[in-house]
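Please read the structure below before turning to the comments.
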Amino acid sequence: MTKSRAADVALPFVIFTAIWGSTWIVIRDQLGMVPPQWSVAYRFIIAAAAMALVARWKGESLRLGRAAVLPILFLGFAQFCVNFNAVYLAEQHITSGVVAIIFALFLIPSTLLAWAFLGHRPTSRFLWSSLVAIAGIALLFVHEFQQHAARAGEITLGIGLTLFGMVGAAAANVFQAREEIRRFPLYSMIAWSMAAGAAMNVAFAFAMTGPPVFDSRPGYVLGLLYLALPASVLTFSLYYPVVRKIGP
């Protein structure tokens with residue numbers, strides 16, 4: 001990557017990392033009377049509408065054609081349904097700090113999938129560093145199990161859900177970087193993918209928990225808007241251009 005290209009990546013990376021770093025705390029507050037599946041659905045209904053406005057503001061058409069349908073459905077499922085439902089559900093079983101630490105491994109599945117599907121071979125330094133990181137987090141898990149032996153099954157479920165969500169996000173990232181996907185207008189693609197994900201989340205929420213439940217508490221509403229707008233619309237507006245820059 002050239003110096004100018006690295007500079008284009010660095011600032012957005014700092015911004016969306018700072019915002020995403022706070023979402024673990026906000027998500028924890030969302031876990032109350034509203035089932036997490038409905039909270040995810042509300043988040044992306046709002047985010048999809050806002051992202052469509054961003055796409056129009058950027059001068060992009062929302063008409064992407066039939067060729068975009070399957071990519072939209074895949075991104076909606078992997079990034080905006082599987083990933084976020086898994087994280088919200090995981091936080092019912094393990095602390096937000098543990099979820100965040102596990103997500104620190106996000107670069108590993110992303111890199112391995114990029115190697116498999118984009119031909120981006122990782123360096124030996126990266127592979128050895130990844131092993132060290134995995135070993136360190138594994139020791140954290142051992143400590144967690146020792147401290148809370150009675151909750152071993154619940155902790156295992158939380159870790160498994162987090163890993164599942166992380167792989168979903170990694171798959172979406174690599175898919176977004178593919179050449180045939182990069183030809184679609186970015187913000188329109190994100191808007192439709194969020195809309196598809198929102199529809200899947202609504203169906204999942206109905207199937208798992210029944211009719212919609214909403215919490216009118218100001219903290220819940222403000223948290224929902226924070227997760228939908230800065231933490232979804234703004235961050236993905238910054239994040240996916242970075243993904244496309246470092247693609248093939």
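To be explicit about the labels: the chains of the structure tokens are called A, B, and onward in the order shown, and within each one the residues are counted from 1, while ligands get numbers from 1 in the order they are shown.
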Check your understanding: What lies within 10 Å of Gly197 (chain A) using only C-alpha atoms, ignoring chain neighbours under 3 positions off, as a PyMOL selection string?
Key -> chain A and resi 40-41+44-45+48+72-82+84+191-194+200-203
Taking C-alpha atoms for each residue, export the selection above as a PDB file, in the first residue's frame.
```
ATOM      1  CA  VAL A  40     -31.107  -5.224  15.978  1.00  0.00           C
ATOM      2  CA  ALA A  41     -34.111  -4.945  13.651  1.00  0.00           C
ATOM      3  CA  PHE A  44     -31.075  -1.346  10.830  1.00  0.00           C
ATOM      4  CA  ILE A  45     -34.522  -0.123   9.827  1.00  0.00           C
ATOM      5  CA  ALA A  48     -31.137   1.687   6.085  1.00  0.00           C
ATOM      6  CA  ILE A  72     -27.267  -7.424  -1.405  1.00  0.00           C
ATOM      7  CA  LEU A  73     -28.862 -10.475   0.192  1.00  0.00           C
ATOM      8  CA  PHE A  74     -25.481 -11.963   1.110  1.00  0.00           C
ATOM      9  CA  LEU A  75     -24.170  -8.722   2.646  1.00  0.00           C
ATOM     10  CA  GLY A  76     -27.457  -8.142   4.438  1.00  0.00           C
ATOM     11  CA  PHE A  77     -27.351 -11.650   5.900  1.00  0.00           C
ATOM     12  CA  ALA A  78     -23.660 -11.832   6.814  1.00  0.00           C
ATOM     13  CA  GLN A  79     -22.982  -8.260   7.920  1.00  0.00           C
ATOM     14  CA  PHE A  80     -26.279  -6.855   9.150  1.00  0.00           C
ATOM     15  CA  CYS A  81     -28.102  -9.964  10.386  1.00  0.00           C
ATOM     16  CA  VAL A  82     -25.728 -12.738  11.511  1.00  0.00           C
ATOM     17  CA  PHE A  84     -25.120  -8.159  14.938  1.00  0.00           C
ATOM     18  CA  ALA A 191     -28.309   1.033   2.019  1.00  0.00           C
ATOM     19  CA  TRP A 192     -29.943  -1.920   0.260  1.00  0.00           C
ATOM     20  CA  SER A 193     -27.833  -4.414   2.234  1.00  0.00           C
ATOM     21  CA  MET A 194     -28.935  -2.757   5.482  1.00  0.00           C
ATOM     22  CA  MET A 200     -34.180 -10.607   7.842  1.00  0.00           C
ATOM     23  CA  ASN A 201     -33.869  -9.295  11.395  1.00  0.00           C
ATOM     24  CA  VAL A 202     -37.608  -8.591  11.572  1.00  0.00           C
ATOM     25  CA  ALA A 203     -38.397 -12.119  10.359  1.00  0.00           C
TER      26      ALA A 203
END
```
Residues near region 220-230 of chain A, anyone? I mean within 8 Å using only C-alpha atoms, not counting same-chain ones fewer than 3 positions away, as a short mmCIF file (atom, residue, chain, number, x, y, z; two decimals) with C-alpha atoms, in the first residue's frame.
```
data_model
loop_
_atom_site.label_atom_id
_atom_site.label_comp_id
_atom_site.auth_asym_id
_atom_site.auth_seq_id
_atom_site.Cartn_x
_atom_site.Cartn_y
_atom_site.Cartn_z
CA ILE A 19 -17.02 4.84 17.64
CA THR A 23 -20.86 0.41 21.08
CA VAL A 26 -24.41 0.94 24.51
CA ILE A 27 -25.43 -2.55 23.37
CA ASP A 29 -27.80 -1.06 27.94
CA GLN A 30 -30.09 -2.18 25.10
CA SER A 39 -33.23 -4.11 18.94
CA TYR A 42 -34.94 -1.39 14.82
CA ARG A 43 -31.29 -0.39 14.49
CA PHE A 44 -31.07 -1.35 10.83
CA ILE A 46 -33.36 3.33 10.93
CA ALA A 47 -29.88 2.88 9.50
CA ALA A 50 -30.56 7.09 6.72
CA ASP A 215 -38.81 0.43 25.25
CA SER A 216 -39.78 4.12 25.40
CA ARG A 217 -37.12 4.81 28.03
CA VAL A 233 -24.41 4.87 9.01
CA LEU A 234 -21.29 6.94 9.76
CA THR A 235 -18.94 4.07 10.49
#
```
Exercise for review: May I have the residues within 12 Å of Glu154 (chain A) as a list in words, using only C-alpha atoms and disregarding those fewer than 5 positions away in the same chain?
Suggested key: Leu89, Ala90, Glu91, Gln92, His93, Ile94, Thr95, Glu144, Phe145, His148, Ala149, Ile159, Gly160 and Leu161 of chain A
Put those residues in a file: all heavy atoms, as a short mmCIF file (atom, residue, chain, number, x, y, z; two decimals), in the first residue's frame.
```cif
data_model
loop_
_atom_site.label_atom_id
_atom_site.label_comp_id
_atom_site.auth_asym_id
_atom_site.auth_seq_id
_atom_site.Cartn_x
_atom_site.Cartn_y
_atom_site.Cartn_z
N LEU A 89 -26.76 -11.25 21.18
CA LEU A 89 -27.07 -12.45 21.96
C LEU A 89 -25.90 -12.86 22.84
O LEU A 89 -26.09 -13.30 23.98
CB LEU A 89 -27.45 -13.60 21.02
CG LEU A 89 -28.80 -13.44 20.30
CD1 LEU A 89 -28.96 -14.52 19.23
CD2 LEU A 89 -29.95 -13.52 21.30
N ALA A 90 -24.67 -12.71 22.33
CA ALA A 90 -23.49 -13.06 23.11
C ALA A 90 -23.41 -12.24 24.39
O ALA A 90 -23.01 -12.74 25.45
CB ALA A 90 -22.22 -12.87 22.28
N GLU A 91 -23.79 -10.97 24.30
CA GLU A 91 -23.69 -10.09 25.46
C GLU A 91 -24.72 -10.43 26.54
O GLU A 91 -24.67 -9.87 27.64
CB GLU A 91 -23.79 -8.63 25.04
CG GLU A 91 -22.58 -8.15 24.27
CD GLU A 91 -22.29 -6.68 24.46
OE1 GLU A 91 -22.78 -6.09 25.44
OE2 GLU A 91 -21.55 -6.13 23.63
N GLN A 92 -25.63 -11.35 26.24
CA GLN A 92 -26.52 -11.85 27.28
C GLN A 92 -25.84 -12.93 28.12
O GLN A 92 -26.34 -13.29 29.19
CB GLN A 92 -27.79 -12.42 26.65
CG GLN A 92 -28.73 -11.39 26.04
CD GLN A 92 -30.04 -12.00 25.61
OE1 GLN A 92 -30.07 -13.03 24.93
NE2 GLN A 92 -31.14 -11.37 26.00
N HIS A 93 -24.72 -13.45 27.63
CA HIS A 93 -24.05 -14.57 28.30
C HIS A 93 -22.66 -14.24 28.82
O HIS A 93 -22.21 -14.87 29.78
CB HIS A 93 -23.96 -15.75 27.32
CG HIS A 93 -25.28 -16.18 26.76
ND1 HIS A 93 -26.21 -16.87 27.50
CD2 HIS A 93 -25.84 -15.99 25.54
CE1 HIS A 93 -27.29 -17.09 26.76
NE2 HIS A 93 -27.09 -16.58 25.57
N ILE A 94 -21.97 -13.31 28.19
CA ILE A 94 -20.65 -12.90 28.64
C ILE A 94 -20.58 -11.38 28.67
O ILE A 94 -21.41 -10.71 28.05
CB ILE A 94 -19.52 -13.47 27.74
CG1 ILE A 94 -19.74 -13.09 26.27
CG2 ILE A 94 -19.42 -14.98 27.90
CD1 ILE A 94 -18.64 -13.58 25.34
N THR A 95 -19.60 -10.85 29.36
CA THR A 95 -19.52 -9.40 29.48
C THR A 95 -19.13 -8.76 28.15
O THR A 95 -18.50 -9.38 27.29
CB THR A 95 -18.46 -9.01 30.54
OG1 THR A 95 -17.17 -9.42 30.09
CG2 THR A 95 -18.76 -9.67 31.88
N GLU A 144 -11.32 -17.15 32.71
CA GLU A 144 -12.76 -16.91 32.85
C GLU A 144 -13.48 -18.17 33.30
O GLU A 144 -14.35 -18.13 34.17
CB GLU A 144 -13.31 -16.43 31.50
CG GLU A 144 -14.71 -15.88 31.54
CD GLU A 144 -14.78 -14.44 32.07
OE1 GLU A 144 -13.73 -13.83 32.30
OE2 GLU A 144 -15.91 -13.96 32.28
N PHE A 145 -13.10 -19.31 32.74
CA PHE A 145 -13.73 -20.58 33.12
C PHE A 145 -13.38 -20.95 34.56
O PHE A 145 -14.22 -21.48 35.30
CB PHE A 145 -13.29 -21.70 32.17
CG PHE A 145 -13.98 -21.66 30.83
CD1 PHE A 145 -13.24 -21.56 29.67
CD2 PHE A 145 -15.35 -21.75 30.74
CE1 PHE A 145 -13.86 -21.53 28.43
CE2 PHE A 145 -15.99 -21.72 29.50
CZ PHE A 145 -15.24 -21.61 28.34
N HIS A 148 -15.42 -18.72 36.91
CA HIS A 148 -16.87 -18.90 36.85
C HIS A 148 -17.20 -20.31 36.36
O HIS A 148 -17.90 -20.49 35.36
CB HIS A 148 -17.50 -17.86 35.92
CG HIS A 148 -17.11 -16.44 36.25
ND1 HIS A 148 -17.66 -15.74 37.28
CD2 HIS A 148 -16.20 -15.61 35.66
CE1 HIS A 148 -17.14 -14.52 37.33
NE2 HIS A 148 -16.25 -14.42 36.36
N ALA A 149 -16.69 -21.29 37.07
CA ALA A 149 -16.86 -22.69 36.64
C ALA A 149 -18.32 -23.08 36.52
O ALA A 149 -18.71 -23.86 35.64
CB ALA A 149 -16.14 -23.61 37.62
N ILE A 159 -19.01 -17.14 23.90
CA ILE A 159 -17.81 -17.11 23.06
C ILE A 159 -18.13 -17.61 21.66
O ILE A 159 -17.71 -17.03 20.66
CB ILE A 159 -16.69 -17.96 23.70
CG1 ILE A 159 -16.20 -17.29 24.99
CG2 ILE A 159 -15.53 -18.15 22.72
CD1 ILE A 159 -15.27 -18.16 25.82
N GLY A 160 -18.90 -18.71 21.58
CA GLY A 160 -19.25 -19.27 20.28
C GLY A 160 -20.07 -18.30 19.44
O GLY A 160 -19.83 -18.15 18.24
N LEU A 161 -21.03 -17.62 20.06
CA LEU A 161 -21.84 -16.64 19.34
C LEU A 161 -20.97 -15.49 18.83
O LEU A 161 -21.15 -15.03 17.70
CB LEU A 161 -22.94 -16.09 20.26
CG LEU A 161 -24.13 -17.01 20.52
CD1 LEU A 161 -24.97 -16.50 21.68
CD2 LEU A 161 -24.99 -17.14 19.26
#
```
Review point. What is the CA of Ala207 (chain A)-CA of Met33 (chain A) distance in Å, reported with one decimal?
Key: 17.4 Å
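Between Trp20 (chain A) and the residues A:Ser232, A:Thr162, A:Asn83, A:Thr123, the shortest atom-to-atom distance, using only C-alpha atoms, involves A:Ser232.
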Check your understanding: Among region 31-239 of chain A, which ones does DSSP place in helix (DSSP H, G or I), written as number ranges by chain?
Key -> A: 36-57, 66-90, 96-103, 107-118, 124-147, 149-176, 179-182, 186-209, 218-239
Wanna dump the region 132-154 of chain A-region 97-118 of chain A contacts at 12 Å for me, each residue with its shortest atom pair and the distance in Å to one decimal, counting only C-alpha atoms, ordered by chain and number, as a tab-separated table?
```
residue	atom	partner	partner_atom	distance
A:Val132	CA	A:Leu105	CA	10.9
A:Ala133	CA	A:Leu105	CA	7.5
A:Ile134	CA	A:Leu105	CA	7.5
A:Ala135	CA	A:Leu105	CA	11.1
A:Gly136	CA	A:Ile101	CA	10.5
A:Ile137	CA	A:Ile102	CA	7.3
A:Ala138	CA	A:Ile102	CA	9.6
A:Leu140	CA	A:Val98	CA	8.8
A:Phe141	CA	A:Val98	CA	8.8
A:His143	CA	A:Val98	CA	11.7
A:Glu144	CA	A:Val98	CA	9.3
```
Exercise for review: Would you please work out which residue, of A:Gly32, A:Gly21, A:Gly59, A:Pro211, is nearest to Pro185 (chain A) when using only C-alpha atoms?
Suggested key: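 Comparing A:Gly32, A:Gly21, A:Gly59, A:Pro211 against Pro185 (chain A), the winner is A:Gly59.
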**Study point:** Residue with smallest distance to Ala171 (chain A) - pool A:Pro71, A:Leu139, A:Arg63, A:Ile25, counting only C-alpha atoms
**Key:**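 Using only C-alpha atoms, Ala171 (chain A) sits closest to A:Pro71.
Interatomic distance, CA of Gly219 (chain A) against CA of Pro36 (chain A): 15.4 Å.
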Check your understanding: What does the distance between CA of Val243 (chain A) and CA of Ala177 (chain A) come to in Å, to one decimal place?
Key -> 6.0 Å
Review point. With distances taken over only C-alpha atoms, which of A:Ser61, A:Ser22, A:Ser124, A:Asn85 is nearest to Met166 (chain A)?
Key: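 Result for the nearest residue to Met166 (chain A): A:Asn85.
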